[in-house]
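Enquirer: One structure, pasted below without further comment.
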Amino acid sequence: MSRICVYLGSREGHDPAFRQAARTLGHSLVERGHTLVYGGARIGLMGELANRVLEAGGEVTGVMPTHLVEREQAHLGLTRLIRVTDMHERKASMAAHADAFVALPGGIGTFEELFEVWTWGYLGLHDKPLALLNINDFYTPLLAFLDATVTQGFMATTTRDMLMDAETPRTLLDALESHLRG
């Protein structure tokens, strides 16, 4: 059983496929015996994912700064809600509680978390797998940009290869599990 940290939007986005992907991933995590670690919110894709894991009988650890808990953004029905002082502590706690990382569609917070944990891996601070769930080509422009950074000499191929991507929750979890076993 692995602890999968998922970064994703506190909004749902316009495409219903994003919401469905969060639900499917939640079910798949439980079905495969994994637990969820995430930002602890009750709203947006974050809430959808957590609710699906809980409904399927799984365990969910949320990590949220006190100021967001006080703004009533926290999901109070989680298996465990870790309250931290700030966003820096939140990211460190989420990473410490995770065996692998996944990013679903999201906004600036999702991107920031994704790139920071990728940088930590690049610097050798962890060797945990990292993957994007590229629902309806949400991340395709980003992946093309990242490939261009390799072509232009700003990123090594080995660094780029650290970030896996998949179009379905099943193929994403297959890739993560293969890396975790390896």
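Chain labels A, B, ... are given in the sequence in which chains occur in the structure tokens; within each chain residues are numbered consecutively from 1, and ligands are likewise numbered from 1 in the order shown.
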Could you tell me, as a ChimeraX atom specification, which residues of region 23-140 of chain A DSSP assigns to alpha helix (DSSP H) when given the backbone?

Expert: /A:23-31,44-55,66-70,87-96,108-122,140

Enquirer: Mind dumping the selected residues with N, CA and C atoms as a compact mmCIF listing (two decimals), in the first residue's frame?

Expert:
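Result file result-v1.txt:
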```txt
# COMPACT_ATOMS: atom_id res chain seq x y z
N ARG A 23 -12.90 11.62 -9.65
CA ARG A 23 -13.70 10.53 -9.07
C ARG A 23 -13.11 9.17 -9.40
N THR A 24 -12.76 8.98 -10.66
CA THR A 24 -12.19 7.69 -11.09
C THR A 24 -10.87 7.42 -10.39
N LEU A 25 -10.03 8.43 -10.29
CA LEU A 25 -8.76 8.25 -9.59
C LEU A 25 -9.01 7.88 -8.14
N GLY A 26 -9.95 8.54 -7.48
CA GLY A 26 -10.26 8.22 -6.10
C GLY A 26 -10.67 6.77 -5.92
N HIS A 27 -11.56 6.31 -6.78
CA HIS A 27 -11.99 4.91 -6.72
C HIS A 27 -10.81 3.98 -6.98
N SER A 28 -10.00 4.30 -7.98
CA SER A 28 -8.86 3.45 -8.33
C SER A 28 -7.83 3.39 -7.21
N LEU A 29 -7.60 4.49 -6.52
CA LEU A 29 -6.66 4.47 -5.40
C LEU A 29 -7.09 3.46 -4.35
N VAL A 30 -8.37 3.50 -3.99
CA VAL A 30 -8.88 2.59 -2.97
C VAL A 30 -8.86 1.15 -3.48
N GLU A 31 -9.29 0.95 -4.70
CA GLU A 31 -9.32 -0.38 -5.30
C GLU A 31 -7.95 -1.04 -5.29
N GLY A 44 -13.99 22.08 -4.97
CA GLY A 44 -13.38 21.83 -6.26
C GLY A 44 -13.03 20.37 -6.51
N LEU A 45 -12.04 20.16 -7.38
CA LEU A 45 -11.59 18.80 -7.66
C LEU A 45 -11.01 18.16 -6.41
N MET A 46 -10.44 18.98 -5.54
CA MET A 46 -9.89 18.45 -4.29
C MET A 46 -10.97 17.74 -3.48
N GLY A 47 -12.11 18.40 -3.31
CA GLY A 47 -13.21 17.79 -2.57
C GLY A 47 -13.77 16.57 -3.26
N GLU A 48 -13.87 16.62 -4.59
CA GLU A 48 -14.38 15.47 -5.36
C GLU A 48 -13.50 14.24 -5.12
N LEU A 49 -12.20 14.42 -5.21
CA LEU A 49 -11.28 13.30 -5.04
C LEU A 49 -11.38 12.74 -3.63
N ALA A 50 -11.30 13.60 -2.63
CA ALA A 50 -11.36 13.13 -1.24
C ALA A 50 -12.67 12.41 -0.95
N ASN A 51 -13.78 12.99 -1.40
CA ASN A 51 -15.08 12.36 -1.16
C ASN A 51 -15.16 10.98 -1.79
N ARG A 52 -14.63 10.83 -2.98
CA ARG A 52 -14.70 9.53 -3.66
C ARG A 52 -13.87 8.49 -2.91
N VAL A 53 -12.68 8.88 -2.45
CA VAL A 53 -11.84 7.94 -1.69
C VAL A 53 -12.57 7.54 -0.41
N LEU A 54 -13.14 8.50 0.29
CA LEU A 54 -13.85 8.20 1.54
C LEU A 54 -15.08 7.32 1.29
N GLU A 55 -15.86 7.65 0.25
CA GLU A 55 -17.05 6.85 -0.09
C GLU A 55 -16.69 5.41 -0.43
N THR A 66 -3.57 26.60 8.95
CA THR A 66 -4.62 27.03 9.87
C THR A 66 -5.47 28.15 9.29
N HIS A 67 -4.86 29.09 8.58
CA HIS A 67 -5.65 30.22 8.06
C HIS A 67 -6.70 29.76 7.06
N LEU A 68 -6.44 28.68 6.31
CA LEU A 68 -7.45 28.16 5.39
C LEU A 68 -8.50 27.34 6.12
N VAL A 69 -8.10 26.65 7.18
CA VAL A 69 -9.07 25.92 8.00
C VAL A 69 -10.07 26.92 8.58
N GLU A 70 -9.55 28.04 9.06
CA GLU A 70 -10.41 29.05 9.67
C GLU A 70 -11.33 29.72 8.64
N MET A 87 1.98 27.68 4.06
CA MET A 87 2.02 26.90 2.82
C MET A 87 3.34 26.13 2.67
N HIS A 88 4.43 26.69 3.15
CA HIS A 88 5.72 25.99 3.07
C HIS A 88 5.68 24.70 3.88
N GLU A 89 5.15 24.81 5.08
CA GLU A 89 5.04 23.63 5.93
C GLU A 89 4.05 22.62 5.34
N ARG A 90 3.02 23.12 4.69
CA ARG A 90 2.04 22.24 4.05
C ARG A 90 2.71 21.38 2.99
N LYS A 91 3.48 22.00 2.10
CA LYS A 91 4.13 21.24 1.03
C LYS A 91 5.14 20.24 1.58
N ALA A 92 5.89 20.65 2.59
CA ALA A 92 6.86 19.73 3.18
C ALA A 92 6.16 18.55 3.86
N SER A 93 5.06 18.81 4.54
CA SER A 93 4.33 17.75 5.21
C SER A 93 3.70 16.79 4.20
N MET A 94 3.11 17.34 3.16
CA MET A 94 2.52 16.48 2.12
C MET A 94 3.58 15.57 1.52
N ALA A 95 4.75 16.14 1.21
CA ALA A 95 5.84 15.36 0.62
C ALA A 95 6.34 14.29 1.57
N ALA A 96 6.44 14.63 2.84
CA ALA A 96 6.92 13.67 3.83
C ALA A 96 5.96 12.50 4.01
N ILE A 108 -2.61 27.79 -10.41
CA ILE A 108 -1.28 28.21 -10.01
C ILE A 108 -0.75 27.43 -8.81
N GLY A 109 -1.61 27.10 -7.85
CA GLY A 109 -1.17 26.33 -6.69
C GLY A 109 -0.73 24.93 -7.08
N THR A 110 -1.49 24.30 -7.97
CA THR A 110 -1.14 22.97 -8.46
C THR A 110 0.20 23.00 -9.18
N PHE A 111 0.38 24.01 -10.04
CA PHE A 111 1.63 24.11 -10.80
C PHE A 111 2.81 24.34 -9.85
N GLU A 112 2.64 25.19 -8.88
CA GLU A 112 3.71 25.50 -7.94
C GLU A 112 4.11 24.26 -7.16
N GLU A 113 3.12 23.50 -6.68
CA GLU A 113 3.43 22.28 -5.92
C GLU A 113 4.12 21.25 -6.81
N LEU A 114 3.63 21.09 -8.02
CA LEU A 114 4.22 20.15 -8.96
C LEU A 114 5.68 20.49 -9.23
N PHE A 115 5.96 21.73 -9.57
CA PHE A 115 7.32 22.10 -9.92
C PHE A 115 8.26 22.07 -8.72
N GLU A 116 7.75 22.38 -7.54
CA GLU A 116 8.62 22.32 -6.37
C GLU A 116 9.00 20.88 -6.04
N VAL A 117 8.04 19.96 -6.05
CA VAL A 117 8.36 18.58 -5.71
C VAL A 117 9.24 17.96 -6.80
N TRP A 118 9.06 18.37 -8.05
CA TRP A 118 9.93 17.91 -9.14
C TRP A 118 11.35 18.43 -8.91
N THR A 119 11.48 19.68 -8.53
CA THR A 119 12.79 20.27 -8.24
C THR A 119 13.47 19.54 -7.09
N TRP A 120 12.70 19.21 -6.05
CA TRP A 120 13.26 18.46 -4.93
C TRP A 120 13.81 17.11 -5.40
N GLY A 121 13.08 16.46 -6.31
CA GLY A 121 13.58 15.20 -6.86
C GLY A 121 14.85 15.40 -7.67
N TYR A 122 14.86 16.43 -8.48
CA TYR A 122 16.04 16.77 -9.30
C TYR A 122 17.26 17.01 -8.43
N THR A 140 -1.01 18.90 -22.21
CA THR A 140 -0.26 18.75 -23.46
C THR A 140 0.57 19.98 -23.80
```

Enquirer: Which residues, written as a ChimeraX atom specification, have at least one atom at most 10 Å from region 172-182 of chain A, with only C-alpha atoms counted and residues fewer than 6 positions away on the same chain left out?

Expert: /A:1-2,4,25,28-29,32,34,99-102,127-134,164-166

Enquirer: For a test of reading the model, state the distance in Å between CA of Gly107 (chain A) and CA of Gly9 (chain A), rounded to one decimal.

Expert: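 Separating CA of Gly107 (chain A) from CA of Gly9 (chain A) is a distance of 6.0 Å.
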
Enquirer: Rounded to one decimal in Å, what is the spacing between CA of Val150 (chain A) and CA of Asp137 (chain A)?

Expert: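 Spanning CA of Val150 (chain A) to CA of Asp137 (chain A) is a straight-line distance of 20.4 Å.
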
Enquirer: Just the strand (DSSP E) stuff from region 19-179 of chain A, please, per backbone DSSP, written as a list in words.

Expert: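 Answer for region 19-179 of chain A restricted to strand (DSSP E) is Thr35, Leu36, Val37, Tyr38, Val60, Thr61, Gly62, Val63, Met64, Pro65, Arg80, Leu81, Ile82, Arg83, Val84, Ala100, Phe101, Val102, Ala103, Leu130, Ala131, Leu132, Leu133, Leu163, Met164, Asp165 and Ala166 of chain A.
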
Enquirer: What's the separation between CA of Arg83 (chain A) and CA of Ala98 (chain A), in Å to one decimal place?

Expert: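 It comes out at 16.5 Å.
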
Enquirer: Report as a ChimeraX atom specification all protein, DNA and RNA residues lying within 10 Å of Leu76 (chain A), evaluated on only C-alpha atoms, omitting residues in the same chain fewer than 4 positions from it.

Expert: /A:40-42,62,69,72,80-81

Enquirer: Find, counting only C-alpha atoms, the residue in A:Gly58, A:Gly39, A:Pro105, A:Gly13 that gets nearest to Val84 (chain A).

Expert: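 Counting only C-alpha atoms, the residue closest to Val84 (chain A) is A:Gly39.
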
Enquirer: Considering only C-alpha atoms, return as a list in words whatever protein or nucleic-acid residues lie within 8 Å of Thr61 (chain A), sequence-local ones (same chain, fewer than 4 positions apart) excluded.

Expert: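 Contacts, in chain order: Thr35, Leu36, Val37, Tyr38, Gly40, Leu78, Thr79, Arg80, Leu81 and Ile82 of chain A.
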